[in-house]
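Quick notes on the structure that follows.
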Amino acid sequence: MASVISGKEVSAKVRAEVREECERLKEKGVTPGLAVIIVGDDPASRVYVNNKKKACAEVGFASEEYALPAETTQQELLALIDTLNKKPEINGILCQLPLPKHLDETAVIHAISPEKDVDAFHPSNVGKIMIGDYDFLPCTPAGVMELIHFAGIEVSGKNCVVIGRSNIVGKPMAMLLLHENGTVTICHSKTKDLKEICAGADILVAAVGRPKFVKADMVKEGAVVLDVGINRDENGKLCGDVDYEQVEPKASFITPVPGGVGPMTIAMLMKNTLKAAKLQNHIESV
Ligand code: GUN
């Protein structure tokens with residue numbers, strides 16, 4: 001039987017810490033501000049954006065939503081980002097992905113000022129993460145690390161396997177585990193012997209985006225299993241990338257879906273926005 005690591009509990013703790021720091025920052029005349037851009041009407045993106053705005057209100061930040069129609073042009077979107085880059089009361093800018101197909105995501109990521117890039121997607125921030133000298137960490141991998149730390153799991157010397165190589169999760173996740181001296185393997189769609197590699201993991205992070213992809217025979221007895229997936233199963237019920245029913249009895253620690261990594265992503269976004277506000281106002285500690 002695995003210990004369940006509750007993202008609900010850990011994210012509440014992180015948000016409470018951010019709220020406290022925000023109060024002290026406000027006493028110095030600074031209110032952290034986050035701008036959230038959403039283009040089109042993707043229902044999942046709408047839910048994420050609503051949750052991000054709600055979290056801002058809860059921790060005491062100001063938030064501005066820019067909901068643009070699906071037919072917004074690249075030029076219009078870049079013009080908005082330029083305005084927000086120059087707006088002093090906005091400390092963080094987040095453009096919810098994915099964007100409609102006609103828009104160039106890479107160009108949009110590049111346009112956000114690195115100082116306001118609270119997603120840590122800009123190449124300058126990605127490079128800093130690679131070196132291990134960074135201001136912001138990408139929210140989902142940082143949230144996974146926070147769960148690992150909360151559970152008291154030691155990464156150093158462990159075999160860590162990350163399934164998925166996206167720029168948003170897989171690649172930075174591998175880097176953060178490496179920074180803590182894990183021996184890291186990244187698996188992807190072309191990986192041979194995926195099952196065997198996963199079964200050798202002490203720490204297994206699933207970020208594939210396929211419902212219940214990780215089965216019991218891919219998991220070592222006593223492994224720590226972190227599930228980044230948010231999918232719908234055949235009955236339309238929320239599920240992760242891990243087949244929880246099968247895997248939970250073998251794992252030592254496991255994160256549930258929902259209530260695992262998901263809430264951590266937003267908590268870490270709040271942490272990044274607070275840090276952006278402090279850096280932009282030259283406040284080291286509050
Ligand atoms: N879409 C899915 N996850 C994310 C995220 O962490 N940030 C942004 N901007 N878009 C996303």
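The way I read the labels, and the way they are meant: chains A, B, ... in the order of the structure tokens, residue 1 as the first residue of every chain, and ligand 1 as the first ligand shown, with later ones counted on from there.
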Query raised in the report: What do you get as a VMD selection string if you pick all residues at most 7 Å from ligand 1, counting only C-alpha atoms and all ligand atoms?
Result: chain A and resid 94 to 98 119 139 to 140 168 265
I need the residues from that last selection saved to file as a PDB file, in the first residue's frame (with C-alpha atoms), if you can.
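Everything below was put into out-v6.pdb:
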```
ATOM      1  CA  LEU A  94       1.067  33.964 -18.815  1.00  0.00           C
ATOM      2  CA  CYS A  95      -0.310  33.055 -22.216  1.00  0.00           C
ATOM      3  CA  GLN A  96      -2.364  29.881 -21.820  1.00  0.00           C
ATOM      4  CA  LEU A  97      -1.269  27.136 -24.237  1.00  0.00           C
ATOM      5  CA  PRO A  98      -2.172  25.597 -26.607  1.00  0.00           C
ATOM      6  CA  ASP A 119       5.878  29.994 -16.784  1.00  0.00           C
ATOM      7  CA  CYS A 139       5.367  25.368 -12.576  1.00  0.00           C
ATOM      8  CA  THR A 140       4.538  21.695 -13.091  1.00  0.00           C
ATOM      9  CA  ILE A 168       6.805  22.222 -20.520  1.00  0.00           C
ATOM     10  CA  THR A 265       1.076  23.805 -10.863  1.00  0.00           C
TER      11      THR A 265
END
```
Query raised in the report: In segment 35-211 of chain A, what's strand (DSSP E or B) per DSSP? Answer as an NGL selection string?
Result: :A and (35-39 or 62-68 or 92-95 or 159-163 or 183-187 or 203-206)
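Of note, atom CA of Ser113 of chain A and atom CA of Glu27 of chain A are spaced 26.6 Å apart.
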Query raised in the report: Nearest to Ala44 of chain A: which of A:Leu147, A:Ile230, A:Val18, A:Val219 is it, counting only C-alpha atoms?
Result: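 Selected residue with least distance to Ala44 of chain A: A:Ile230.
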Residues of segment 70-147 of chain A that approach segment 162-167 of chain A to 10 Å or less, counting only C-alpha atoms: could you list each one with the shortest pair of atoms and its distance in Å to one decimal, rows by chain and increasing residue number, as a tab-separated table?
```
residue	atom	partner	partner_atom	distance
A:Phe121	CA	A:Asn167	CA	7.9
A:Val126	CA	A:Asn167	CA	9.1
A:Pro138	CA	A:Asn167	CA	9.6
```
Requested in this report: Compare A:Leu77, A:Glu58, A:Ala216, A:Asp233 by their minimum atom-to-atom distance to Ala12 of chain A, counting only C-alpha atoms, and give me the closest one.
Outcome: A:Glu58
Requested in this report: Tell me which protein, DNA and RNA residues are within 9 Å of Ile197 of chain A, counting only C-alpha atoms, leaving out same-chain ones fewer than 6 positions away, and put them as a PyMOL selection string.
Outcome: chain A and resi 161+185+187+218
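If you look at atom CA of Ser3 of chain A and atom CA of Glu17 of chain A, they are 24.5 Å away from each other.
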Report task. Write out as a list in words which residues come within 10 Å of His102 of chain A when counting only C-alpha atoms, dropping same-chain ones fewer than 3 positions away. Result -> Ala70, Glu71, Thr72, Thr73, Gln74, Leu99 and Glu105 of chain A
Restrict the selected residues to C-alpha atoms and save them as a PDB file, in the first residue's frame.
```
ATOM      1  CA  ALA A  70      -9.949  32.580 -31.690  1.00  0.00           C
ATOM      2  CA  GLU A  71      -9.342  34.630 -34.838  1.00  0.00           C
ATOM      3  CA  THR A  72      -6.877  37.013 -33.106  1.00  0.00           C
ATOM      4  CA  THR A  73      -3.868  37.657 -35.342  1.00  0.00           C
ATOM      5  CA  GLN A  74      -0.254  37.070 -34.378  1.00  0.00           C
ATOM      6  CA  LEU A  99      -2.887  28.514 -28.926  1.00  0.00           C
ATOM      7  CA  GLU A 105       3.542  29.599 -30.063  1.00  0.00           C
TER       8      GLU A 105
END
```
Requested in this report: Work out how far apart atom CA of Pro256 of chain A and atom CA of Ile38 of chain A are and give it in Å to one decimal.
Outcome: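 One can read the atom CA of Pro256 of chain A to atom CA of Ile38 of chain A distance as 27.7 Å.
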Report task. Taking the DSSP assignment computed from this structure's backbone, write out as a PyMOL selection string all residues of segment 230-261 of chain A that belong to alpha helix (DSSP H). Result -> chain A and resi 244-247+261
